[in-house]
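Trainee: mmCIF, C-alpha atoms and all ligand atoms, file work_35.cif:
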```cif
data_my_file
loop_
_atom_site.group_PDB
_atom_site.id
_atom_site.type_symbol
_atom_site.label_atom_id
_atom_site.label_comp_id
_atom_site.auth_asym_id
_atom_site.auth_seq_id
_atom_site.Cartn_x
_atom_site.Cartn_y
_atom_site.Cartn_z
ATOM 1 C CA MET O 225 -2.631 21.272 -5.400
ATOM 2 C CA TRP O 226 -3.426 19.190 -8.472
ATOM 3 C CA VAL O 227 -4.742 20.277 -11.856
ATOM 4 C CA TYR O 228 -6.309 17.775 -14.241
ATOM 5 C CA GLU O 229 -5.129 17.682 -17.862
ATOM 6 C CA LYS O 230 -7.567 16.326 -20.411
ATOM 7 C CA ARG O 231 -5.135 13.864 -21.992
ATOM 8 C CA LEU O 232 -3.449 10.534 -21.272
ATOM 9 C CA GLN O 233 0.293 10.168 -20.777
ATOM 10 C CA PHE O 234 0.229 7.583 -23.596
ATOM 11 C CA PRO O 235 -2.744 7.109 -25.943
ATOM 12 C CA VAL O 236 -5.211 4.253 -25.421
ATOM 13 C CA ASN O 237 -7.223 3.274 -28.523
ATOM 14 C CA ILE O 238 -8.686 -0.221 -28.351
ATOM 15 C CA LYS O 239 -11.339 -1.423 -30.772
ATOM 16 C CA GLU O 240 -11.862 -4.971 -29.576
ATOM 17 C CA THR O 241 -14.129 -6.145 -26.783
ATOM 18 C CA ASN O 242 -12.522 -8.543 -24.322
ATOM 19 C CA ALA O 243 -14.035 -8.818 -20.872
ATOM 20 C CA LYS O 244 -11.776 -11.664 -19.833
ATOM 21 C CA LEU O 245 -8.667 -9.585 -20.424
ATOM 22 C CA ALA O 246 -10.269 -6.565 -18.721
ATOM 23 C CA GLN O 247 -10.787 -8.643 -15.597
ATOM 24 C CA ALA O 248 -7.068 -9.447 -15.499
ATOM 25 C CA ILE O 249 -5.926 -5.886 -16.229
ATOM 26 C CA ILE O 250 -8.130 -4.409 -13.488
ATOM 27 C CA SER O 251 -5.526 -5.700 -11.031
ATOM 28 C CA GLN O 252 -3.273 -2.855 -12.135
ATOM 29 C CA TYR O 253 -5.982 -0.415 -11.009
ATOM 30 C CA GLY O 254 -7.003 -1.906 -7.663
ATOM 31 C CA GLY O 255 -4.788 -4.912 -7.072
ATOM 32 C CA PRO O 256 -1.864 -5.411 -4.666
ATOM 33 C CA ASP O 257 0.723 -3.907 -7.047
ATOM 34 C CA GLY O 258 -1.606 -1.624 -8.986
ATOM 35 C CA GLU O 259 -1.351 2.033 -9.894
ATOM 36 C CA SER O 260 -3.787 3.264 -7.207
ATOM 37 C CA GLY O 261 -1.637 1.728 -4.497
ATOM 38 C CA ALA O 262 1.509 3.104 -6.120
ATOM 39 C CA ALA O 263 0.137 6.651 -6.347
ATOM 40 C CA MET O 264 -1.097 6.705 -2.758
ATOM 41 C CA ARG O 265 2.080 5.024 -1.487
ATOM 42 C CA TYR O 266 4.395 7.721 -2.859
ATOM 43 C CA LEU O 267 2.090 10.665 -2.227
ATOM 44 C CA SER O 268 1.589 9.533 1.383
ATOM 45 C CA GLN O 269 5.258 8.814 2.053
ATOM 46 C CA ARG O 270 6.559 12.203 0.917
ATOM 47 C CA TYR O 271 5.321 14.359 3.824
ATOM 48 C CA SER O 272 7.866 13.315 6.425
ATOM 49 C CA VAL O 273 10.795 13.041 4.027
ATOM 50 C CA LYS O 274 13.480 15.563 4.967
ATOM 51 C CA ASN O 275 15.499 15.262 1.781
ATOM 52 C CA SER O 276 13.796 17.838 -0.413
ATOM 53 C CA ARG O 277 14.769 16.290 -3.712
ATOM 54 C CA VAL O 278 13.469 12.897 -2.626
ATOM 55 C CA ALA O 279 10.188 14.481 -1.457
ATOM 56 C CA GLY O 280 9.948 15.925 -4.966
ATOM 57 C CA ILE O 281 10.657 12.577 -6.648
ATOM 58 C CA LEU O 282 7.895 10.961 -4.563
ATOM 59 C CA THR O 283 5.568 13.796 -5.584
ATOM 60 C CA ASP O 284 6.421 13.494 -9.276
ATOM 61 C CA ILE O 285 6.267 9.701 -9.460
ATOM 62 C CA GLY O 286 3.087 9.636 -7.335
ATOM 63 C CA THR O 287 1.535 12.127 -9.734
ATOM 64 C CA GLU O 288 2.555 10.045 -12.734
ATOM 65 C CA GLU O 289 1.040 6.935 -11.106
ATOM 66 C CA LEU O 290 -2.306 8.763 -10.853
ATOM 67 C CA GLY O 291 -2.084 9.210 -14.611
ATOM 68 C CA HIS O 292 -1.239 5.517 -15.033
ATOM 69 C CA GLY O 293 -4.347 4.575 -13.062
ATOM 70 C CA GLU O 294 -6.317 6.608 -15.576
ATOM 71 C CA MET O 295 -4.665 4.763 -18.472
ATOM 72 C CA VAL O 296 -5.429 1.355 -16.935
ATOM 73 C CA CYS O 297 -9.044 2.426 -16.487
ATOM 74 C CA ALA O 298 -9.135 3.613 -20.114
ATOM 75 C CA ILE O 299 -8.048 0.113 -21.212
ATOM 76 C CA ILE O 300 -10.718 -1.553 -19.059
ATOM 77 C CA TYR O 301 -13.391 0.874 -20.213
ATOM 78 C CA GLN O 302 -12.577 0.375 -23.898
ATOM 79 C CA LEU O 303 -12.376 -3.417 -23.591
ATOM 80 C CA THR O 304 -15.822 -3.592 -21.973
ATOM 81 C CA ARG O 305 -17.821 -0.689 -23.427
ATOM 82 C CA ASN O 306 -19.488 -2.791 -26.153
ATOM 83 C CA LEU O 307 -20.154 -5.917 -24.109
ATOM 84 C CA SER O 308 -23.327 -7.790 -24.918
ATOM 85 C CA MET O 309 -25.298 -9.690 -22.266
ATOM 86 C CA GLU O 310 -24.225 -12.908 -23.937
ATOM 87 C CA GLU O 311 -20.531 -11.979 -23.733
ATOM 88 C CA ILE O 312 -20.937 -10.951 -20.101
ATOM 89 C CA GLU O 313 -22.217 -14.423 -19.275
ATOM 90 C CA LYS O 314 -19.730 -16.317 -21.444
ATOM 91 C CA SER O 315 -16.565 -14.433 -20.394
ATOM 92 C CA GLY O 316 -17.020 -14.855 -16.661
ATOM 93 C CA PHE O 317 -17.606 -11.101 -16.326
ATOM 94 C CA ASP O 318 -21.026 -11.834 -14.817
ATOM 95 C CA LYS O 319 -19.796 -11.830 -11.230
ATOM 96 C CA TYR O 320 -18.248 -8.387 -11.593
ATOM 97 C CA TYR O 321 -21.234 -7.160 -13.594
ATOM 98 C CA VAL O 322 -23.651 -8.009 -10.784
ATOM 99 C CA ASP O 323 -22.076 -5.460 -8.451
ATOM 100 C CA HIS O 324 -20.628 -2.857 -10.826
ATOM 101 C CA THR O 325 -22.324 -3.237 -14.240
ATOM 102 C CA LEU O 326 -19.742 -1.664 -16.592
ATOM 103 C CA GLY O 327 -18.446 0.789 -14.003
ATOM 104 C CA ILE O 328 -14.808 0.565 -12.974
ATOM 105 C CA TRP O 329 -14.177 -0.386 -9.368
ATOM 106 C CA PRO O 330 -10.711 -0.885 -7.855
ATOM 107 C CA GLN O 331 -10.211 -4.584 -7.252
ATOM 108 C CA ALA O 332 -7.600 -7.253 -7.894
ATOM 109 C CA ALA O 333 -7.961 -9.729 -10.749
ATOM 110 C CA GLY O 334 -9.190 -12.309 -8.257
ATOM 111 C CA GLY O 335 -11.982 -9.978 -7.060
ATOM 112 C CA VAL O 336 -10.316 -8.839 -3.824
ATOM 113 C CA PRO O 337 -11.249 -5.180 -3.163
ATOM 114 C CA PHE O 338 -8.570 -2.459 -3.075
ATOM 115 C CA ASN O 339 -6.980 -2.280 0.338
ATOM 116 C CA ALA O 340 -4.978 0.572 1.903
ATOM 117 C CA CYS O 341 -2.474 -2.063 3.074
ATOM 118 C CA GLU O 342 -1.258 -2.081 -0.540
ATOM 119 C CA PHE O 343 0.707 1.042 0.249
ATOM 120 C CA GLN O 344 3.124 1.301 3.105
ATOM 121 C CA VAL O 345 4.334 4.376 4.936
ATOM 122 C CA LYS O 346 6.973 3.601 7.533
ATOM 123 C CA GLY O 347 8.278 7.134 8.110
ATOM 124 C CA ASP O 348 11.838 5.994 7.483
ATOM 125 C CA PRO O 349 13.032 7.022 4.012
ATOM 126 C CA ILE O 350 15.431 4.103 3.685
ATOM 127 C CA THR O 351 12.745 1.578 4.603
ATOM 128 C CA ASP O 352 10.187 3.332 2.396
ATOM 129 C CA LEU O 353 12.474 3.597 -0.622
ATOM 130 C CA TYR O 354 13.311 -0.127 -0.431
ATOM 131 C CA GLU O 355 9.559 -0.727 -0.294
ATOM 132 C CA ASP O 356 9.120 1.495 -3.350
ATOM 133 C CA MET O 357 11.813 -0.282 -5.329
ATOM 134 C CA ALA O 358 10.208 -3.631 -4.531
ATOM 135 C CA ALA O 359 6.796 -2.219 -5.469
ATOM 136 C CA GLU O 360 8.084 -1.109 -8.869
ATOM 137 C CA GLN O 361 9.528 -4.573 -9.504
ATOM 138 C CA LYS O 362 6.236 -6.194 -8.526
ATOM 139 C CA ALA O 363 4.352 -3.866 -10.859
ATOM 140 C CA ARG O 364 6.777 -4.688 -13.681
ATOM 141 C CA THR O 365 6.246 -8.422 -13.135
ATOM 142 C CA THR O 366 2.486 -7.897 -13.144
ATOM 143 C CA TYR O 367 2.671 -6.066 -16.483
ATOM 144 C CA GLU O 368 4.772 -8.923 -17.863
ATOM 145 C CA ASN O 369 2.156 -11.452 -16.728
ATOM 146 C CA LEU O 370 -0.527 -9.298 -18.347
ATOM 147 C CA LEU O 371 1.469 -9.028 -21.583
ATOM 148 C CA ARG O 372 1.470 -12.833 -21.845
ATOM 149 C CA LEU O 373 -2.299 -12.858 -21.411
ATOM 150 C CA ALA O 374 -2.747 -10.012 -23.922
ATOM 151 C CA LYS O 375 -0.539 -11.420 -26.687
ATOM 152 C CA ASP O 376 -3.418 -11.464 -29.192
ATOM 153 C CA SER O 377 -4.424 -7.858 -28.488
ATOM 154 C CA PRO O 378 -1.763 -5.593 -30.026
ATOM 155 C CA ASP O 379 -3.534 -2.335 -29.084
ATOM 156 C CA VAL O 380 -3.592 -3.388 -25.441
ATOM 157 C CA CYS O 381 0.016 -4.618 -25.557
ATOM 158 C CA GLU O 382 1.261 -1.232 -26.744
ATOM 159 C CA VAL O 383 -0.094 0.451 -23.626
ATOM 160 C CA LEU O 384 1.014 -2.321 -21.261
ATOM 161 C CA LYS O 385 4.526 -2.168 -22.711
ATOM 162 C CA PHE O 386 4.666 1.574 -22.121
ATOM 163 C CA LEU O 387 3.493 1.167 -18.520
ATOM 164 C CA ARG O 388 5.977 -1.661 -17.904
ATOM 165 C CA THR O 389 8.824 0.557 -19.079
ATOM 166 C CA ARG O 390 7.775 3.284 -16.661
ATOM 167 C CA GLU O 391 8.076 0.814 -13.760
ATOM 168 C CA ILE O 392 11.688 0.231 -14.758
ATOM 169 C CA VAL O 393 12.362 3.980 -14.883
ATOM 170 C CA HIS O 394 10.692 4.467 -11.485
ATOM 171 C CA PHE O 395 12.795 1.637 -10.002
ATOM 172 C CA GLN O 396 15.923 3.361 -11.242
ATOM 173 C CA ARG O 397 14.864 6.778 -9.858
ATOM 174 C CA PHE O 398 14.005 5.259 -6.468
ATOM 175 C CA GLY O 399 17.375 3.524 -6.428
ATOM 176 C CA GLU O 400 19.007 6.903 -6.991
ATOM 177 C CA SER O 401 16.782 8.432 -4.304
ATOM 178 C CA LEU O 402 17.937 5.781 -1.850
ATOM 179 C CA ARG O 403 21.518 6.665 -2.731
ATOM 180 C CA MET O 404 20.771 10.352 -2.103
ATOM 181 C CA VAL O 405 19.358 9.598 1.346
ATOM 182 C CA GLN O 406 22.268 7.297 2.161
ATOM 183 C CA ASP O 407 24.740 9.953 1.053
ATOM 184 C CA ASP O 408 23.433 12.072 3.946
ATOM 185 C CA LEU O 409 24.465 9.378 6.407
ATOM 186 C CA ASP O 410 27.924 8.721 7.774
ATOM 187 C CA SER O 411 29.753 5.549 8.814
ATOM 188 C CA LYS O 412 28.328 5.684 12.339
ATOM 189 C CA ASN O 413 24.724 5.748 11.277
ATOM 190 C CA PHE O 414 24.730 3.930 7.962
ATOM 191 C CA TYR O 415 22.700 1.031 9.329
ATOM 192 C CA ALA O 416 19.872 1.011 11.853
ATOM 193 C CA PHE O 417 19.121 4.714 11.648
ATOM 194 C CA ASN O 418 16.063 6.631 10.536
ATOM 195 C CA PRO O 419 17.306 9.950 9.110
ATOM 196 C CA ASP O 420 13.821 11.454 9.203
ATOM 197 C CA PHE O 421 13.373 10.729 12.886
ATOM 198 C CA ASP O 422 16.476 9.808 14.851
ATOM 199 C CA ARG O 423 18.240 13.152 14.451
ATOM 200 C CA SER O 424 15.679 14.772 16.704
ATOM 201 C CA ALA O 425 15.382 11.890 19.166
ATOM 202 C CA PRO O 426 17.330 11.946 22.430
ATOM 203 C CA CYS O 427 20.438 9.853 22.271
ATOM 204 C CA VAL O 428 21.034 7.780 25.364
ATOM 205 C CA ASP O 429 24.379 6.216 24.702
ATOM 206 C CA PRO O 430 26.684 6.188 21.696
ATOM 207 C CA LYS O 431 25.650 3.210 19.668
ATOM 208 C CA PRO O 432 25.145 2.609 15.992
ATOM 209 C CA GLY O 433 22.100 4.547 14.908
ATOM 210 C CA CYS O 434 22.858 7.440 17.217
ATOM 211 C CA ASN O 435 23.706 10.651 15.435
ATOM 212 C CA LYS O 436 25.129 13.307 17.697
ATOM 213 C CA ASP O 437 25.572 16.204 15.286
ATOM 214 C CA MET V 1041 1.346 42.684 -9.251
ATOM 215 C CA ASN V 1042 4.475 44.738 -9.693
ATOM 216 C CA ASN V 1043 5.228 45.442 -6.065
ATOM 217 C CA MET V 1044 4.243 42.135 -4.519
ATOM 218 C CA ASN V 1045 6.712 40.037 -2.604
ATOM 219 C CA GLN V 1046 6.704 36.255 -2.960
ATOM 220 C CA LYS V 1047 4.212 35.655 -0.176
ATOM 221 C CA GLN V 1048 1.794 38.307 -1.461
ATOM 222 C CA LEU V 1049 1.989 37.051 -5.018
ATOM 223 C CA ARG V 1050 1.461 33.427 -3.906
ATOM 224 C CA ASN V 1051 -1.511 34.551 -1.870
ATOM 225 C CA TYR V 1052 -2.910 36.397 -4.888
ATOM 226 C CA ILE V 1053 -2.493 33.265 -7.010
ATOM 227 C CA ASP V 1054 -4.236 31.191 -4.307
ATOM 228 C CA VAL V 1055 -7.199 33.586 -4.228
ATOM 229 C CA VAL V 1056 -7.572 33.901 -8.000
ATOM 230 C CA SER V 1057 -7.120 30.146 -8.490
ATOM 231 C CA PHE V 1058 -9.741 29.294 -5.904
ATOM 232 C CA ALA V 1059 -12.180 31.694 -7.563
ATOM 233 C CA LEU V 1060 -11.442 29.915 -10.856
ATOM 234 C CA ASP V 1061 -11.962 26.493 -9.223
ATOM 235 C CA ASP V 1062 -15.340 27.611 -7.920
ATOM 236 C CA VAL V 1063 -16.551 29.297 -11.101
ATOM 237 C CA THR V 1064 -15.444 26.189 -13.045
ATOM 238 C CA LEU V 1065 -17.788 24.024 -10.985
ATOM 239 C CA PHE V 1066 -20.588 26.515 -11.527
ATOM 240 C CA LEU V 1067 -19.988 26.609 -15.280
ATOM 241 C CA ASP V 1068 -19.863 22.802 -15.415
ATOM 242 C CA THR V 1069 -23.565 22.851 -14.587
ATOM 243 C CA HIS V 1070 -24.456 26.287 -16.061
ATOM 244 C CA PRO V 1071 -22.561 26.345 -19.375
ATOM 245 C CA ASP V 1072 -24.590 29.275 -20.806
ATOM 246 C CA ASN V 1073 -24.359 31.641 -17.870
ATOM 247 C CA GLN V 1074 -22.891 34.833 -19.345
ATOM 248 C CA ASP V 1075 -21.903 36.422 -16.028
ATOM 249 C CA ALA V 1076 -19.970 33.321 -15.017
ATOM 250 C CA LEU V 1077 -18.336 33.048 -18.438
ATOM 251 C CA GLN V 1078 -17.156 36.652 -18.157
ATOM 252 C CA MET V 1079 -15.926 36.088 -14.638
ATOM 253 C CA TYR V 1080 -13.972 33.028 -15.781
ATOM 254 C CA ALA V 1081 -12.336 34.978 -18.605
ATOM 255 C CA GLY V 1082 -11.274 37.818 -16.299
ATOM 256 C CA LEU V 1083 -9.917 35.483 -13.640
ATOM 257 C CA LYS V 1084 -8.076 33.372 -16.173
ATOM 258 C CA GLU V 1085 -6.315 36.473 -17.469
ATOM 259 C CA LYS V 1086 -5.330 37.511 -13.944
ATOM 260 C CA ARG V 1087 -4.053 34.059 -13.082
ATOM 261 C CA THR V 1088 -2.008 33.722 -16.261
ATOM 262 C CA GLN V 1089 -0.293 37.046 -15.619
ATOM 263 C CA ALA V 1090 0.337 36.307 -11.953
ATOM 264 C CA MET V 1091 1.697 32.850 -12.756
ATOM 265 C CA ASN V 1092 4.054 34.280 -15.359
ATOM 266 C CA ASP V 1093 5.348 36.797 -12.820
ATOM 267 C CA TYR V 1094 5.712 34.157 -10.131
ATOM 268 C CA VAL V 1095 7.662 31.796 -12.358
ATOM 269 C CA ARG V 1096 9.917 34.622 -13.512
ATOM 270 C CA PHE V 1097 10.761 36.004 -10.089
ATOM 271 C CA PHE V 1098 10.318 33.119 -7.645
ATOM 272 C CA GLY V 1099 10.434 29.844 -9.564
ATOM 273 C CA PRO V 1100 8.103 27.168 -10.920
ATOM 274 C CA LEU V 1101 4.813 26.085 -9.359
ATOM 275 C CA ASN V 1102 4.438 23.065 -11.626
ATOM 276 C CA ARG V 1103 6.709 20.742 -13.521
ATOM 277 C CA TYR V 1104 5.976 22.308 -16.904
ATOM 278 C CA GLN V 1105 7.122 25.800 -15.914
ATOM 279 C CA VAL V 1106 10.730 25.184 -14.988
ATOM 280 C CA ASN V 1107 13.306 27.543 -16.491
ATOM 281 C CA SER V 1108 16.104 25.115 -15.902
ATOM 282 C CA GLY V 1109 19.281 27.179 -16.316
ATOM 283 C CA ASN V 1110 22.253 25.034 -15.345
ATOM 284 C CA LYS V 1111 20.802 23.404 -12.229
ATOM 285 C CA TRP V 1112 17.439 21.699 -11.842
ATOM 286 C CA ALA V 1113 15.449 23.641 -9.250
ATOM 287 C CA TRP V 1114 12.060 21.943 -9.427
ATOM 288 C CA ASN V 1115 12.337 19.387 -6.631
ATOM 289 C CA MET V 1116 13.735 21.777 -4.081
ATOM 290 C CA GLY V 1117 11.893 22.771 -0.926
ATOM 291 C CA PRO V 1118 10.160 24.331 0.752
ATOM 292 C CA TRP V 1119 7.137 22.176 -0.110
ATOM 293 C CA PRO V 1120 3.634 23.550 0.385
ATOM 294 C CA TRP V 1121 2.777 21.036 3.117
ATOM 295 C CA GLN V 1122 5.604 22.371 5.283
ATOM 296 C CA GLY V 1123 3.721 25.561 6.090
ATOM 297 C CA GLU V 1124 5.214 29.023 6.292
ATOM 298 C CA VAL V 1125 8.951 29.342 6.187
HETATM 299 FE FE FE J 1201 5.570 2.988 -11.154
#
```
Could you render the structure from this file as structure tokens?
Ligand SMILES: [Fe+2]
Mentor:
Amino acid sequence: MWVYEKRLQFPVNIKETNAKLAQAIISQYGGPDGESGAAMRYLSQRYSVKNSRVAGILTDIGTEELGHGEMVCAIIYQLTRNLSMEEIEKSGFDKYYVDHTLGIWPQAAGGVPFNACEFQVKGDPITDLYEDMAAEQKARTTYENLLRLAKDSPDVCEVLKFLRTREIVHFQRFGESLRMVQDDLDSKNFYAFNPDFDRSAPCVDPKPGCNKD
Amino acid sequence: MNNMNQKQLRNYIDVVSFALDDVTLFLDTHPDNQDALQMYAGLKEKRTQAMNDYVRFFGPLNRYQVNSGNKWAWNMGPWPWQGEV
């Protein structure tokens, strides 16, 4: 069960109006490596995870990513709230405006709608945790690209820098999670074995990936 | 709440919390309704007390309630999606 707290994890206070920048930053809400995909990826993966601590890490990071989605939306909202019709036309925001006015809709910077394929659930904690580590790196790179585009907007940069740092922390925690799952394995099953599934599957002949405990 | 076991206390928290969820929605659209305001206040009191008891005897229900001691117990199962244990 979730409970909403009326606060952001890190404050967002932007005075300027910049629709062009908002259109780039929206990728971190609904784009391929955005916060919505991250939140749903971890919160969906956790159900079948047998390592309790790792299920908890997925829950906690997934929850934090929901909060990051809110922060990204706060940036977009504040950058666009005072847009004039003239600025909408000049900044290239007109195409987005036609369908969403100043509402916030999950899409990538290039206009591609949010897609559930952005999050993967393979049901194998090793596979999923590698996916998660890669996802955190991709999100970090995206924030770095955004920081280059936002160099003249210090208020925006502050928030993007905070979010970028969290991707690094998440990468580290997922790396440790992977280690925790691998510590449960032994030399016979270290490769080619799904610890959330294979233990309960019938084992035909002794081969790598076959745990007979 | 004194004599409740873990399952009973959790169930009590579920019931009181759901009542709070529902009265919250009602108050969101009826902010002056005195009956609902009173109901909210009573339920909030009950939930706070039950939560305090639960945390003390059975452990945290959210990440801000952990009494850590010398080993972190937050991300330990069972998890709610696993059903009854
Ligand atoms: Fe992240």
Trainee: What do you get as a ChimeraX atom specification if you pick all residues at most 9 Å from ligand FE 1201 (chain J), counting all atoms listed in the file?
Mentor: /O:258-259,262-263,285-286,288-289,292,356,359-361,363-364,387-395
Trainee: Can you work out which residues from chain O touch chain V at a cut-off of 8 Å (counting all atoms listed in the file) and hand them back as a ChimeraX atom specification?
Mentor: /O:271,276-281
Trainee: So, with only C-alpha atoms as the atoms that count, which of O:Ser251, O:Ser411, O:Thr366, O:Asn306 lies closest to Leu326 (chain O)?
Mentor: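 Among O:Ser251, O:Ser411, O:Thr366, O:Asn306, it is O:Asn306 that comes nearest to Leu326 (chain O).
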Trainee: For Thr304 (chain O), which of O:Arg397, O:Lys274, O:Lys346, O:Lys239 is the closest residue, counting only C-alpha atoms?
Mentor: O:Lys239
Trainee: Check the smallest atom-to-atom distance from each of O:Asn237, O:Leu384, O:Ala243, O:Arg403 to Ile312 (chain O) using all atoms listed in the file, then report the winner.
Mentor: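 Comparing O:Asn237, O:Leu384, O:Ala243, O:Arg403 against Ile312 (chain O), the winner is O:Ala243.
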Trainee: Just say which residues the PyMOL selection byres (((chain O and resi 371-382) around 9) and not hetatm) picks in this file, as a ChimeraX atom specification.
Mentor: /O:236-240,245,248,299,303,366-370,383-387
Trainee: Between CA of Gln1089 (chain V) and CA of Phe1066 (chain V), what is the distance, to one decimal in Å?
Mentor: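 So the answer is 23.2 Å.
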Trainee: Interatomic distance between CA of Ser308 (chain O) and CA of Tyr320 (chain O)?
Mentor: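 Separating CA of Ser308 (chain O) from CA of Tyr320 (chain O) is a distance of 14.3 Å.
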Trainee: Around region 1072-1078 of chain V, fit a box with edges along x, y and z, padding it by 4 Å on each side, then list its centre and edge lengths in Å to one decimal as lines of an AutoDock Vina configuration file.
Mentor:
```
center_x = -20.9
center_y = 33.0
center_z = -17.9
size_x = 15.4
size_y = 15.4
size_z = 13.8
```
Trainee: Could you tell me how far CA of Ala1081 (chain V) sits from CA of Phe1098 (chain V), in Å to one decimal place?
Mentor: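 About the pair CA of Phe1098 (chain V) and CA of Ala1081 (chain V): they are 25.2 Å apart.
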Trainee: Determine the residue membership of the PyMOL selection byres (((chain V and resi 1063) around 12) and not hetatm) for the file above and supply it as a ChimeraX atom specification.
Mentor: /V:1056-1062,1064-1071,1073-1084
Trainee: Starting from the incomplete input, reconstruct all heavy atoms of region 1066-1072 of chain V and report them as a PDB file, keeping the file's coordinate frame.
Mentor:
```pdb
ATOM      1  N   PHE V1066     -19.312  25.898 -11.181  1.00  0.00           N
ATOM      2  CA  PHE V1066     -20.588  26.515 -11.527  1.00  0.00           C
ATOM      3  C   PHE V1066     -20.852  26.395 -13.025  1.00  0.00           C
ATOM      4  O   PHE V1066     -21.951  26.017 -13.457  1.00  0.00           O
ATOM      5  CB  PHE V1066     -20.601  27.990 -11.087  1.00  0.00           C
ATOM      6  CG  PHE V1066     -21.905  28.681 -11.367  1.00  0.00           C
ATOM      7  CD1 PHE V1066     -22.981  28.530 -10.497  1.00  0.00           C
ATOM      8  CD2 PHE V1066     -22.072  29.457 -12.506  1.00  0.00           C
ATOM      9  CE1 PHE V1066     -24.197  29.147 -10.763  1.00  0.00           C
ATOM     10  CE2 PHE V1066     -23.276  30.072 -12.777  1.00  0.00           C
ATOM     11  CZ  PHE V1066     -24.351  29.921 -11.903  1.00  0.00           C
ATOM     12  N   LEU V1067     -19.832  26.684 -13.824  1.00  0.00           N
ATOM     13  CA  LEU V1067     -19.988  26.609 -15.280  1.00  0.00           C
ATOM     14  C   LEU V1067     -20.201  25.172 -15.769  1.00  0.00           C
ATOM     15  O   LEU V1067     -20.858  24.951 -16.787  1.00  0.00           O
ATOM     16  CB  LEU V1067     -18.777  27.230 -15.978  1.00  0.00           C
ATOM     17  CG  LEU V1067     -18.800  28.761 -16.036  1.00  0.00           C
ATOM     18  CD1 LEU V1067     -17.420  29.315 -16.383  1.00  0.00           C
ATOM     19  CD2 LEU V1067     -19.842  29.258 -17.035  1.00  0.00           C
ATOM     20  N   ASP V1068     -19.650  24.208 -15.027  1.00  0.00           N
ATOM     21  CA  ASP V1068     -19.863  22.802 -15.415  1.00  0.00           C
ATOM     22  C   ASP V1068     -21.353  22.461 -15.450  1.00  0.00           C
ATOM     23  O   ASP V1068     -21.790  21.615 -16.223  1.00  0.00           O
ATOM     24  CB  ASP V1068     -19.144  21.856 -14.435  1.00  0.00           C
ATOM     25  CG  ASP V1068     -17.625  21.837 -14.649  1.00  0.00           C
ATOM     26  OD1 ASP V1068     -17.145  22.354 -15.679  1.00  0.00           O
ATOM     27  OD2 ASP V1068     -16.918  21.281 -13.779  1.00  0.00           O
ATOM     28  N   THR V1069     -22.115  23.127 -14.605  1.00  0.00           N
ATOM     29  CA  THR V1069     -23.565  22.851 -14.587  1.00  0.00           C
ATOM     30  C   THR V1069     -24.400  23.999 -15.158  1.00  0.00           C
ATOM     31  O   THR V1069     -25.610  23.873 -15.293  1.00  0.00           O
ATOM     32  CB  THR V1069     -24.050  22.546 -13.143  1.00  0.00           C
ATOM     33  OG1 THR V1069     -23.666  23.624 -12.297  1.00  0.00           O
ATOM     34  CG2 THR V1069     -23.455  21.248 -12.626  1.00  0.00           C
ATOM     35  N   HIS V1070     -23.760  25.130 -15.465  1.00  0.00           N
ATOM     36  CA  HIS V1070     -24.456  26.287 -16.061  1.00  0.00           C
ATOM     37  C   HIS V1070     -23.662  26.803 -17.252  1.00  0.00           C
ATOM     38  O   HIS V1070     -23.164  27.936 -17.230  1.00  0.00           O
ATOM     39  CB  HIS V1070     -24.623  27.419 -15.040  1.00  0.00           C
ATOM     40  CG  HIS V1070     -25.324  27.024 -13.777  1.00  0.00           C
ATOM     41  ND1 HIS V1070     -24.727  26.271 -12.791  1.00  0.00           N
ATOM     42  CD2 HIS V1070     -26.575  27.286 -13.337  1.00  0.00           C
ATOM     43  CE1 HIS V1070     -25.575  26.079 -11.795  1.00  0.00           C
ATOM     44  NE2 HIS V1070     -26.711  26.673 -12.094  1.00  0.00           N
ATOM     45  N   PRO V1071     -23.503  25.984 -18.299  1.00  0.00           N
ATOM     46  CA  PRO V1071     -22.561  26.345 -19.375  1.00  0.00           C
ATOM     47  C   PRO V1071     -22.939  27.581 -20.180  1.00  0.00           C
ATOM     48  O   PRO V1071     -22.105  28.099 -20.930  1.00  0.00           O
ATOM     49  CB  PRO V1071     -22.546  25.097 -20.262  1.00  0.00           C
ATOM     50  CG  PRO V1071     -23.781  24.347 -19.912  1.00  0.00           C
ATOM     51  CD  PRO V1071     -24.101  24.658 -18.492  1.00  0.00           C
ATOM     52  N   ASP V1072     -24.182  28.094 -20.033  1.00  0.00           N
ATOM     53  CA  ASP V1072     -24.590  29.275 -20.806  1.00  0.00           C
ATOM     54  C   ASP V1072     -24.633  30.549 -19.970  1.00  0.00           C
ATOM     55  O   ASP V1072     -25.057  31.588 -20.457  1.00  0.00           O
ATOM     56  CB  ASP V1072     -25.989  29.053 -21.411  1.00  0.00           C
ATOM     57  CG  ASP V1072     -26.002  27.847 -22.325  1.00  0.00           C
ATOM     58  OD1 ASP V1072     -25.078  27.737 -23.152  1.00  0.00           O
ATOM     59  OD2 ASP V1072     -26.919  27.010 -22.187  1.00  0.00           O
TER      60      ASP V1072
END
```
